[in-house]
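**Student:** Please find coords_31.txt (compact mmCIF, C-alpha atoms) on the next line:
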# COMPACT_ATOMS: atom_id res chain seq x y z
CA MET A 15 -9.00 10.83 12.38
CA SER A 16 -8.80 14.41 11.11
CA ASP A 17 -8.62 15.39 7.45
CA LYS A 18 -4.97 16.36 7.97
CA GLN A 19 -4.17 12.80 9.02
CA THR A 20 -6.14 11.04 6.30
CA MET A 21 -4.59 10.36 2.92
CA PRO A 22 -5.83 9.27 -0.49
CA LEU A 23 -5.88 5.51 -1.05
CA ILE A 24 -5.59 3.89 -4.47
CA VAL A 25 -6.92 0.33 -4.72
CA LEU A 26 -5.15 -1.22 -7.70
CA ALA A 27 -7.74 -3.42 -9.39
CA GLY A 28 -6.56 -4.04 -12.92
CA ARG A 29 -6.36 -7.31 -14.82
CA THR A 30 -3.93 -10.11 -13.96
CA PRO A 31 -2.57 -11.40 -17.28
CA GLY A 32 -3.10 -15.01 -18.28
CA SER A 33 0.67 -15.33 -18.67
CA SER A 34 1.17 -15.04 -14.90
CA ARG A 35 3.23 -17.85 -13.47
CA LEU A 36 4.07 -19.38 -10.12
CA PRO A 37 7.61 -20.07 -8.86
CA ASP A 38 9.48 -22.94 -10.44
CA GLY A 39 8.60 -26.20 -8.72
CA VAL A 40 5.13 -25.13 -7.56
CA THR A 41 2.88 -27.60 -9.37
CA ASP A 42 -0.03 -28.08 -6.95
CA ARG A 43 -1.52 -24.57 -7.32
CA HIS A 44 -3.62 -23.01 -10.09
CA VAL A 45 -2.88 -19.36 -10.81
CA LEU A 46 -5.74 -16.89 -11.17
CA SER A 47 -6.00 -14.38 -13.99
CA GLY A 48 -8.43 -11.74 -15.17
CA CYS A 49 -10.05 -8.95 -13.19
CA LYS A 50 -9.86 -10.60 -9.76
CA GLY A 51 -11.38 -7.73 -7.82
CA ALA A 52 -14.64 -8.01 -9.75
CA GLU A 53 -14.68 -11.62 -10.91
CA LEU A 54 -13.57 -13.42 -7.75
CA THR A 55 -16.37 -13.96 -5.22
CA ILE A 56 -15.50 -14.34 -1.53
CA ALA A 57 -18.30 -15.03 0.97
CA GLY A 58 -20.90 -14.15 -1.64
CA ARG A 59 -19.44 -10.78 -2.65
CA PRO A 60 -16.83 -9.52 -5.13
CA LEU A 61 -13.37 -9.53 -3.59
CA VAL A 62 -12.77 -5.80 -4.03
CA THR A 63 -15.84 -4.90 -1.94
CA HIS A 64 -14.26 -6.63 1.06
CA VAL A 65 -10.95 -4.82 0.48
CA ILE A 66 -12.57 -1.38 0.30
CA GLU A 67 -14.78 -2.11 3.31
CA ARG A 68 -11.76 -3.06 5.43
CA MET A 69 -9.72 -0.06 4.35
CA ARG A 70 -12.65 2.30 4.98
CA ALA A 71 -13.08 0.85 8.47
CA ALA A 72 -9.57 2.05 9.38
CA LYS A 73 -10.81 5.66 9.01
CA ALA A 74 -7.38 6.64 7.71
CA PHE A 75 -8.10 7.08 4.00
CA ASP A 76 -10.01 9.68 2.04
CA PRO A 77 -10.71 9.65 -0.81
CA VAL A 78 -10.62 5.97 -1.76
CA ILE A 79 -9.94 5.47 -5.47
CA LEU A 80 -10.70 2.19 -7.25
CA ALA A 81 -8.29 2.05 -10.21
CA GLY A 82 -9.48 -0.50 -12.73
CA PRO A 83 -11.54 -1.01 -15.88
CA ALA A 84 -14.96 0.63 -15.82
CA SER A 85 -16.27 -2.30 -17.86
CA ALA A 86 -15.73 -4.51 -14.81
CA TYR A 87 -16.55 -2.15 -11.93
CA SER A 88 -19.00 0.53 -13.08
CA THR A 89 -22.09 -1.50 -12.16
CA MET A 90 -20.78 -2.52 -8.74
CA ASP A 91 -21.90 -0.89 -5.50
CA VAL A 92 -18.57 0.13 -3.93
CA ASP A 93 -17.73 2.90 -1.49
CA ALA A 94 -15.02 4.34 -3.70
CA ARG A 95 -14.49 6.63 -6.66
CA LEU A 96 -13.85 4.73 -9.86
CA LEU A 97 -10.89 5.72 -11.99
CA ASP A 98 -11.23 3.97 -15.34
CA THR A 99 -7.89 2.45 -16.35
CA ASP A 100 -7.27 -0.80 -18.18
CA GLU A 101 -3.59 -0.90 -19.01
CA SER A 102 -0.47 -2.60 -17.66
CA PHE A 103 0.29 -2.56 -13.93
CA GLY A 104 2.71 0.36 -14.16
CA VAL A 105 0.45 2.41 -16.44
CA ASN A 106 -2.53 1.86 -14.12
CA ILE A 107 -0.40 3.17 -11.26
CA ARG A 108 0.65 6.16 -13.36
CA ASN A 109 -2.91 7.02 -14.35
CA ALA A 110 -4.06 6.92 -10.73
CA VAL A 111 -1.07 8.69 -9.17
CA GLU A 112 -0.93 11.56 -11.65
CA GLN A 113 -4.61 12.35 -11.17
CA ILE A 114 -4.57 12.08 -7.37
CA HIS A 115 -1.29 13.98 -7.03
CA ALA A 116 -2.77 16.84 -9.08
CA GLU A 117 -5.76 16.97 -6.71
CA TYR A 118 -3.78 16.54 -3.46
CA PRO A 119 -0.23 17.75 -4.21
CA ASP A 120 0.81 18.03 -0.56
CA LYS A 121 -0.45 14.67 0.68
CA PRO A 122 1.15 11.24 0.76
CA VAL A 123 -0.71 8.59 -1.23
CA ALA A 124 -1.36 5.00 -0.14
CA PHE A 125 -1.67 1.98 -2.41
CA ILE A 126 -3.05 -1.48 -1.84
CA THR A 127 -3.82 -4.24 -4.32
CA CYS A 128 -7.37 -5.51 -4.71
CA ASP A 129 -6.45 -9.08 -3.72
CA VAL A 130 -5.31 -8.45 -0.13
CA LEU A 131 -7.68 -8.72 2.86
CA PRO A 132 -5.99 -6.94 5.80
CA GLU A 133 -7.02 -7.88 9.31
CA LYS A 134 -8.20 -4.94 11.42
CA GLU A 135 -5.51 -5.26 14.11
CA GLU A 136 -2.71 -5.77 11.59
CA LEU A 137 -3.80 -2.82 9.47
CA GLN A 138 -3.92 -0.68 12.61
CA LEU A 139 -0.42 -1.86 13.55
CA ALA A 140 0.87 -0.83 10.13
CA LEU A 141 -0.78 2.59 10.23
CA GLU A 142 0.53 3.26 13.74
CA ASP A 143 4.04 2.49 12.52
CA TYR A 144 3.64 4.90 9.63
CA HIS A 145 2.21 7.77 11.69
CA LEU A 146 4.42 7.34 14.76
CA GLY A 147 7.69 6.81 12.91
CA ARG A 148 9.85 9.50 11.35
CA GLU A 149 8.46 11.35 8.36
CA THR A 150 9.25 9.51 5.15
CA ASP A 151 8.99 9.78 1.37
CA LEU A 152 8.46 6.05 0.87
CA TRP A 153 7.13 3.51 3.38
CA PHE A 154 6.84 -0.17 2.52
CA PRO A 155 6.48 -2.81 5.25
CA LEU A 156 8.36 -6.09 5.31
CA ILE A 157 6.17 -8.77 6.84
CA ARG A 158 7.83 -11.09 9.33
CA TYR A 159 7.18 -14.81 8.75
CA ALA A 160 8.03 -17.09 11.67
CA ASN A 161 5.41 -19.86 11.66
CA ASP A 162 5.56 -22.51 8.94
CA GLY A 163 1.82 -23.13 9.21
CA ALA A 164 0.66 -19.52 9.32
CA LEU A 165 0.24 -19.01 5.58
CA GLY A 166 -2.04 -21.96 4.91
CA SER A 167 -2.56 -22.32 1.14
CA SER A 168 -0.27 -19.31 0.61
CA ASP A 169 2.78 -21.23 1.84
CA TRP A 170 4.22 -21.32 -1.70
CA LYS A 171 4.88 -17.56 -1.79
CA PRO A 172 8.55 -16.55 -2.20
CA LYS A 173 10.20 -15.52 1.06
CA TYR A 174 13.36 -13.54 1.66
CA SER A 175 15.88 -13.31 4.47
CA VAL A 176 16.82 -9.95 6.01
CA THR A 177 18.36 -8.72 9.25
CA PRO A 178 16.82 -5.90 11.32
CA ASP A 179 20.28 -4.31 11.45
CA SER A 180 23.80 -5.24 10.44
CA GLN A 181 24.35 -7.17 13.68
CA GLY A 182 20.95 -8.85 14.01
CA GLU A 183 19.85 -12.41 13.38
CA PRO A 184 18.28 -13.04 9.93
CA VAL A 185 14.50 -13.26 9.78
CA SER A 186 12.23 -14.57 7.04
CA ILE A 187 9.95 -11.98 5.42
CA LEU A 188 7.41 -11.46 2.67
CA PRO A 189 6.77 -8.11 0.97
CA GLY A 190 3.73 -6.19 2.21
CA HIS A 191 1.08 -5.00 -0.24
CA LEU A 192 0.34 -1.65 1.41
CA VAL A 193 2.69 1.14 0.32
CA ILE A 194 2.67 4.88 1.11
CA VAL A 195 4.60 7.43 -0.96
CA ARG A 196 5.02 11.17 -1.40
CA PRO A 197 4.63 11.49 -5.19
CA ALA A 198 6.50 14.79 -5.41
CA ALA A 199 9.66 13.15 -4.04
CA ILE A 200 9.61 10.06 -6.26
CA ARG A 201 11.16 9.58 -9.70
CA ARG A 202 7.67 8.80 -10.93
CA ARG A 203 8.39 8.07 -14.60
CA PHE A 204 11.09 5.63 -13.59
CA LEU A 205 8.88 4.13 -10.87
CA TYR A 206 6.05 3.34 -13.30
CA ARG A 207 8.44 1.52 -15.61
CA LEU A 208 10.04 -0.26 -12.66
CA MET A 209 6.63 -1.44 -11.41
CA ASN A 210 5.81 -2.92 -14.82
CA VAL A 211 9.02 -4.92 -14.96
CA THR A 212 8.82 -5.95 -11.30
CA TYR A 213 5.22 -7.11 -11.69
CA ASN A 214 5.99 -9.09 -14.84
CA THR A 215 8.89 -10.91 -13.17
CA ARG A 216 7.26 -11.61 -9.81
CA ASN A 217 7.76 -15.11 -8.40
CA ARG A 218 11.04 -15.48 -10.32
CA PRO A 219 14.50 -15.91 -8.67
CA VAL A 220 16.11 -12.70 -7.39
CA LEU A 221 19.20 -12.80 -9.61
CA TYR A 222 17.07 -13.40 -12.70
CA ARG A 223 14.87 -10.44 -11.77
CA THR A 224 17.95 -8.26 -11.20
CA TRP A 225 19.26 -9.04 -14.68
CA VAL A 226 15.88 -8.42 -16.32
CA LEU A 227 15.44 -5.15 -14.42
CA PHE A 228 18.73 -3.81 -15.73
CA SER A 229 18.18 -4.99 -19.30
CA ARG A 230 14.65 -3.56 -19.50
CA LEU A 231 15.24 -0.36 -17.57
CA ALA A 232 18.40 0.81 -19.34
CA GLY A 233 16.49 3.23 -21.55
CA ALA A 234 14.40 4.55 -18.66
CA MET A 235 17.51 5.20 -16.57
CA THR A 236 19.21 6.98 -19.47
CA ARG A 237 16.17 9.23 -19.94
CA GLU A 238 16.07 10.04 -16.23
CA ASP A 239 19.75 11.02 -16.17
CA PHE A 240 19.39 13.11 -19.33
CA ALA A 241 16.35 14.89 -17.84
CA ALA A 242 18.28 15.59 -14.63
CA LEU A 243 21.19 17.01 -16.64
CA MET A 244 18.87 19.30 -18.62
CA GLU A 245 17.37 20.59 -15.36
CA GLY A 246 20.77 21.43 -13.94
CA HIS A 247 21.06 18.42 -11.60
CA ILE A 248 23.83 15.83 -11.45
CA PRO A 249 22.80 12.67 -13.41
CA ARG A 250 23.13 9.97 -10.74
CA LEU A 251 20.66 7.19 -11.52
CA TRP A 252 22.84 4.97 -13.71
CA PHE A 253 25.74 5.20 -11.28
CA ARG A 254 23.55 4.42 -8.28
CA ALA A 255 21.79 1.57 -10.09
CA LEU A 256 25.11 -0.08 -10.92
CA ARG A 257 26.54 0.53 -7.46
CA ASP A 258 23.48 -0.26 -5.34
CA GLY A 259 21.05 -2.22 -7.50
CA ILE A 260 23.41 -5.06 -8.31
CA PHE A 261 24.58 -5.22 -4.70
CA ALA A 262 20.99 -5.42 -3.46
CA GLY A 263 20.10 -8.19 -5.92
CA VAL A 264 23.12 -10.32 -5.03
CA SER A 265 22.66 -9.67 -1.32
CA LEU A 266 18.96 -10.62 -1.38
CA SER A 267 19.70 -13.80 -3.31
CA ARG A 268 22.19 -14.85 -0.63
CA GLY A 269 19.93 -13.86 2.27
CA GLY A 270 20.49 -11.83 5.41
CA THR A 271 20.50 -8.36 3.82
CA ALA A 272 20.28 -5.60 6.41
CA VAL A 273 16.97 -3.72 6.26
CA SER A 274 18.88 -0.45 6.48
CA GLU A 275 20.68 -1.39 3.25
CA LEU A 276 17.39 -2.03 1.47
CA GLU A 277 16.13 1.35 2.66
CA ARG A 278 19.32 3.05 1.46
CA VAL A 279 19.15 1.44 -1.98
CA ALA A 280 15.47 2.33 -2.41
CA ASP A 281 16.25 5.90 -1.35
CA ASN A 282 19.12 6.22 -3.81
CA LEU A 283 17.19 4.80 -6.76
CA LEU A 284 13.67 6.15 -6.27
CA ILE A 285 13.93 9.50 -4.49
CA TRP A 286 14.95 12.64 -6.38
CA PRO A 287 18.40 13.67 -5.06
CA HIS A 288 17.40 17.33 -4.86
CA CYS A 289 14.43 16.34 -2.64
CA ARG A 290 16.74 14.40 -0.35
CA ASP A 291 19.12 17.35 -0.22
CA GLU A 292 16.22 19.62 0.76
CA TRP A 293 14.66 17.19 3.28
CA PRO A 294 17.49 14.93 4.48
CA GLU A 295 15.50 13.74 7.48
CA ARG A 296 12.78 11.98 5.46
CA GLY A 297 14.33 9.03 3.71
CA VAL A 298 12.77 5.60 3.17
CA ARG A 299 11.39 3.26 5.83
CA ALA A 300 10.82 -0.49 5.52
CA PRO A 301 9.59 -1.59 8.96
CA LEU A 302 9.49 -5.24 9.99
CA LEU A 303 5.89 -5.93 11.01
CA ASP A 304 3.90 -8.91 12.27
CA ALA A 305 1.02 -8.49 9.83
CA LEU A 306 0.73 -11.53 7.58
CA SER A 307 -2.64 -10.46 6.17
CA LEU A 308 -0.86 -7.59 4.38
CA ALA A 309 1.32 -10.12 2.51
CA ARG A 310 -1.31 -12.76 1.65
CA ASP A 311 -2.48 -11.65 -1.76
CA ILE A 312 -4.87 -14.12 -3.42
CA ASP A 313 -3.01 -15.44 -6.45
CA THR A 314 -4.38 -18.97 -6.80
CA ARG A 315 -7.70 -20.82 -6.84
CA GLU A 316 -6.63 -22.67 -3.71
CA GLU A 317 -6.07 -19.43 -1.78
CA ALA A 318 -9.40 -18.03 -2.97
CA SER A 319 -11.20 -21.20 -1.84
CA GLU A 320 -9.54 -21.04 1.59
CA PHE A 321 -10.56 -17.42 2.16
CA ASP A 322 -14.06 -18.15 0.90
CA ARG A 323 -14.49 -21.09 3.31
CA LYS A 324 -13.20 -19.14 6.31
CA MET A 325 -15.16 -15.98 5.66
CA THR A 326 -18.37 -17.83 4.80
CA SER A 327 -18.17 -19.79 8.03
CA GLY A 328 -17.16 -16.73 10.07
CA GLY A 329 -13.70 -18.08 10.78
CA GLU A 330 -11.96 -15.14 9.15
CA SER A 331 -12.34 -11.70 10.67
CA SER A 332 -14.40 -9.25 8.65
CA GLY A 333 -11.79 -6.60 9.34
CA LYS A 334 -14.35 -4.22 10.80
Would you put the structure from the file into structure tokens?

**Tutor:**
Amino acid sequence: MSDKQTMPLIVLAGRTPGSSRLPDGVTDRHVLSGCKGAELTIAGRPLVTHVIERMRAAKAFDPVILAGPASAYSTMDVDARLLDTDESFGVNIRNAVEQIHAEYPDKPVAFITCDVLPEKEELQLALEDYHLGRETDLWFPLIRYANDGALGSSDWKPKYSVTPDSQGEPVSILPGHLVIVRPAAIRRRFLYRLMNVTYNTRNRPVLYRTWVLFSRLAGAMTREDFAALMEGHIPRLWFRALRDGIFAGVSLSRGGTAVSELERVADNLLIWPHCRDEWPERGVRAPLLDALSLARDIDTREEASEFDRKMTSGGESSGK
């Protein structure tokens, strides 16, 4: 793949707080905490080394940036550039994005978490969708889930119901953990705050998360609208959040939300309106993909043990 087609990749490898929790009612799993990328060993090696190896094998990413605490990763032999950051999830994203965007202002930037082990074929499927689809400012795959036994020890993960279009049959999905964005088009300050709140409320019911998002993001939305007004733009974020954010939360909680609606809401809330006015053809894409390995992040001891057994015995693909 040529340099024009490659993009920077940020592997998010910060600390999972000890306060992390599983969904209500899940009592037979034990949540992991700490610096999983460095501390969790899979098939005799730190987890993050497998992640970077698999992403490198796709030949789609350059440079590869490992964003995490130097105290955990500086002595490790990894094929990535270390960016020392040891803050909250959103601040780690900010520290990585701002540095990489300054170095590569015209390129999209990919993200993946350090606890996902993508299969070669499924990663290729995702990248083909990104490169062959229409140009976009934000691409985040929704992973189709059709087989009750396919997730193994990850079967506890929250699932959502969406429809491919307004007339389609609902399908069960999980969020993918590979995301590609154009930083220049994104409300980045708002995004970093949003990622913090979203991360801290993961595995909670949708309506609860919607309420918390509004209560904790009120100040951030006010600042964004004030900044837009001072720059001569119409302040639209609060209006769009009330109109679209609440609708999306209620719709997701009920199930069957059209994917096109999710794309529209994400576009309205996260993309700068003046960027959309200038490049109306870009928009947001959330493709439905058959790529479960992109959704199976390792959150529990049971999941880690399952991956370790399979990869040690050769039952799990190396991703090469």

**Student:** Find the residues around Arg223 (chain A) up to 10 Å (all atoms listed in the file counted), leave out those fewer than 6 positions away in its own chain, and share them as a PDB file with C-alpha atoms, in the coordinates of the input.

**Tutor:**
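Contents of part17.pdb, as written:
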ATOM      1  CA  VAL A 211       9.020  -4.920 -14.960  1.00  0.00           C
ATOM      2  CA  THR A 212       8.820  -5.950 -11.300  1.00  0.00           C
ATOM      3  CA  ASN A 214       5.990  -9.090 -14.840  1.00  0.00           C
ATOM      4  CA  THR A 215       8.890 -10.910 -13.170  1.00  0.00           C
ATOM      5  CA  ARG A 216       7.260 -11.610  -9.810  1.00  0.00           C
ATOM      6  CA  ASN A 217       7.760 -15.110  -8.400  1.00  0.00           C
ATOM      7  CA  SER A 229      18.180  -4.990 -19.300  1.00  0.00           C
ATOM      8  CA  GLY A 263      20.100  -8.190  -5.920  1.00  0.00           C
TER       9      GLY A 263
END

**Student:** Can you pull out every residue within 12 Å of Arg290 (chain A), counting all atoms listed in the file, but drop anything in the same chain fewer than 5 positions away, and send it as a ChimeraX atom specification?

**Tutor:** /A:150-152,198-201,278,281-285,295-298

**Student:** With all atoms listed in the file as the counted atoms, please give the residues lying no more than 12 Å from region 205-208 of chain A, apart from itself and same-chain residues fewer than 4 positions off, as a PDB file with C-alpha atoms, in the coordinates of the input.

**Tutor:**
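The resulting file, around_8.pdb, is reproduced below:
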ATOM      1  CA  GLU A 101      -3.590  -0.900 -19.010  1.00  0.00           C
ATOM      2  CA  SER A 102      -0.470  -2.600 -17.660  1.00  0.00           C
ATOM      3  CA  PHE A 103       0.290  -2.560 -13.930  1.00  0.00           C
ATOM      4  CA  GLY A 104       2.710   0.360 -14.160  1.00  0.00           C
ATOM      5  CA  VAL A 105       0.450   2.410 -16.440  1.00  0.00           C
ATOM      6  CA  ASN A 106      -2.530   1.860 -14.120  1.00  0.00           C
ATOM      7  CA  ILE A 107      -0.400   3.170 -11.260  1.00  0.00           C
ATOM      8  CA  ARG A 108       0.650   6.160 -13.360  1.00  0.00           C
ATOM      9  CA  ASN A 109      -2.910   7.020 -14.350  1.00  0.00           C
ATOM     10  CA  ALA A 110      -4.060   6.920 -10.730  1.00  0.00           C
ATOM     11  CA  VAL A 111      -1.070   8.690  -9.170  1.00  0.00           C
ATOM     12  CA  GLU A 112      -0.930  11.560 -11.650  1.00  0.00           C
ATOM     13  CA  LEU A 152       8.460   6.050   0.870  1.00  0.00           C
ATOM     14  CA  VAL A 195       4.600   7.430  -0.960  1.00  0.00           C
ATOM     15  CA  PRO A 197       4.630  11.490  -5.190  1.00  0.00           C
ATOM     16  CA  ALA A 199       9.660  13.150  -4.040  1.00  0.00           C
ATOM     17  CA  ILE A 200       9.610  10.060  -6.260  1.00  0.00           C
ATOM     18  CA  ARG A 201      11.160   9.580  -9.700  1.00  0.00           C
ATOM     19  CA  THR A 212       8.820  -5.950 -11.300  1.00  0.00           C
ATOM     20  CA  TYR A 213       5.220  -7.110 -11.690  1.00  0.00           C
ATOM     21  CA  ASN A 214       5.990  -9.090 -14.840  1.00  0.00           C
ATOM     22  CA  THR A 215       8.890 -10.910 -13.170  1.00  0.00           C
ATOM     23  CA  ARG A 223      14.870 -10.440 -11.770  1.00  0.00           C
ATOM     24  CA  THR A 224      17.950  -8.260 -11.200  1.00  0.00           C
ATOM     25  CA  VAL A 226      15.880  -8.420 -16.320  1.00  0.00           C
ATOM     26  CA  LEU A 227      15.440  -5.150 -14.420  1.00  0.00           C
ATOM     27  CA  PHE A 228      18.730  -3.810 -15.730  1.00  0.00           C
ATOM     28  CA  SER A 229      18.180  -4.990 -19.300  1.00  0.00           C
ATOM     29  CA  ARG A 230      14.650  -3.560 -19.500  1.00  0.00           C
ATOM     30  CA  LEU A 231      15.240  -0.360 -17.570  1.00  0.00           C
ATOM     31  CA  ALA A 232      18.400   0.810 -19.340  1.00  0.00           C
ATOM     32  CA  GLY A 233      16.490   3.230 -21.550  1.00  0.00           C
ATOM     33  CA  ALA A 234      14.400   4.550 -18.660  1.00  0.00           C
ATOM     34  CA  MET A 235      17.510   5.200 -16.570  1.00  0.00           C
ATOM     35  CA  ARG A 237      16.170   9.230 -19.940  1.00  0.00           C
ATOM     36  CA  GLU A 238      16.070  10.040 -16.230  1.00  0.00           C
ATOM     37  CA  ALA A 280      15.470   2.330  -2.410  1.00  0.00           C
ATOM     38  CA  LEU A 283      17.190   4.800  -6.760  1.00  0.00           C
ATOM     39  CA  LEU A 284      13.670   6.150  -6.270  1.00  0.00           C
ATOM     40  CA  ILE A 285      13.930   9.500  -4.490  1.00  0.00           C
ATOM     41  CA  TRP A 286      14.950  12.640  -6.380  1.00  0.00           C
TER      42      TRP A 286
END

**Student:** Fewer than 3 positions away in the same chain doesn't count, so skip those; otherwise give me all residues within 9 Å of Gly269 (chain A), counting all atoms listed in the file, as a short mmCIF file (atom, residue, chain, number, x, y, z; two decimals) with C-alpha atoms, in the frame of the given file.

**Tutor:**
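What landed in result.cif:
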data_model
loop_
_atom_site.label_atom_id
_atom_site.label_comp_id
_atom_site.auth_asym_id
_atom_site.auth_seq_id
_atom_site.Cartn_x
_atom_site.Cartn_y
_atom_site.Cartn_z
CA TYR A 174 13.36 -13.54 1.66
CA SER A 175 15.88 -13.31 4.47
CA VAL A 176 16.82 -9.95 6.01
CA THR A 177 18.36 -8.72 9.25
CA PRO A 184 18.28 -13.04 9.93
CA VAL A 264 23.12 -10.32 -5.03
CA SER A 265 22.66 -9.67 -1.32
CA LEU A 266 18.96 -10.62 -1.38
#

**Student:** What does the structure give for the distance between CA of Gln138 (chain A) and CA of Leu308 (chain A), in Å to one decimal?

**Tutor:** 11.2 Å

**Student:** One decimal, in Å: what's the spacing between CA of Phe125 (chain A) and CA of Trp153 (chain A)?

**Tutor:**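 Pair CA of Phe125 (chain A) / CA of Trp153 (chain A) returns 10.6 Å.
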
**Student:** To one decimal place, how far is CA of Arg43 (chain A) from CA of Glu133 (chain A) in Å?

**Tutor:**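 Here the two named atoms are 24.2 Å from each other.
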
**Student:** Please provide as a PDB file with C-alpha atoms, in the frame of the given file all residues within 8 Å of Ala262 (chain A), with the sequence filter that same-chain residues fewer than 3 positions apart are discarded (counting all atoms listed in the file).

**Tutor:**
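File result-v5.pdb, as written:
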ATOM      1  CA  ASP A 258      23.480  -0.260  -5.340  1.00  0.00           C
ATOM      2  CA  GLY A 259      21.050  -2.220  -7.500  1.00  0.00           C
ATOM      3  CA  SER A 265      22.660  -9.670  -1.320  1.00  0.00           C
ATOM      4  CA  LEU A 266      18.960 -10.620  -1.380  1.00  0.00           C
ATOM      5  CA  THR A 271      20.500  -8.360   3.820  1.00  0.00           C
ATOM      6  CA  GLU A 275      20.680  -1.390   3.250  1.00  0.00           C
ATOM      7  CA  LEU A 276      17.390  -2.030   1.470  1.00  0.00           C
ATOM      8  CA  VAL A 279      19.150   1.440  -1.980  1.00  0.00           C
TER       9      VAL A 279
END

**Student:** I need the residue nearest Ala300 (chain A) from this list: A:Val193, A:Met244, A:Ala94, A:Val62. Use all atoms listed in the file for the distance.

**Tutor:**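 Smallest distance to Ala300 (chain A) is found for A:Val193.
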
**Student:** Find, counting all atoms listed in the file, the residue in A:Val92, A:Gly163, A:Lys171, A:Arg254 that gets nearest to Asp38 (chain A).

**Tutor:** A:Lys171

**Student:** Counting all atoms listed in the file, which residue out of A:Met325, A:Ile194, A:Ala81, A:Met209 sits closest to Tyr144 (chain A)?

**Tutor:** A:Ile194

**Student:** Which residue, A:Asp100, A:Glu292, A:Asp162, A:Asp304, has the smallest gap to Leu139 (chain A) when you use all atoms listed in the file?

**Tutor:**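 The shortest atom-to-atom distance to Leu139 (chain A) comes from A:Asp304.
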
**Student:** Rank nothing, just name the residue among A:Arg202, A:Arg158, A:Arg310, A:Lys121 nearest to Leu23 (chain A), using only C-alpha atoms.

**Tutor:**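 So, comparing all the options, the nearest one is A:Lys121.
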
**Student:** Which residue gives the smallest distance to Ser267 (chain A) among A:Pro77, A:Gly28, A:Pro219, A:Pro172, with only C-alpha atoms counted?

**Tutor:** A:Pro219
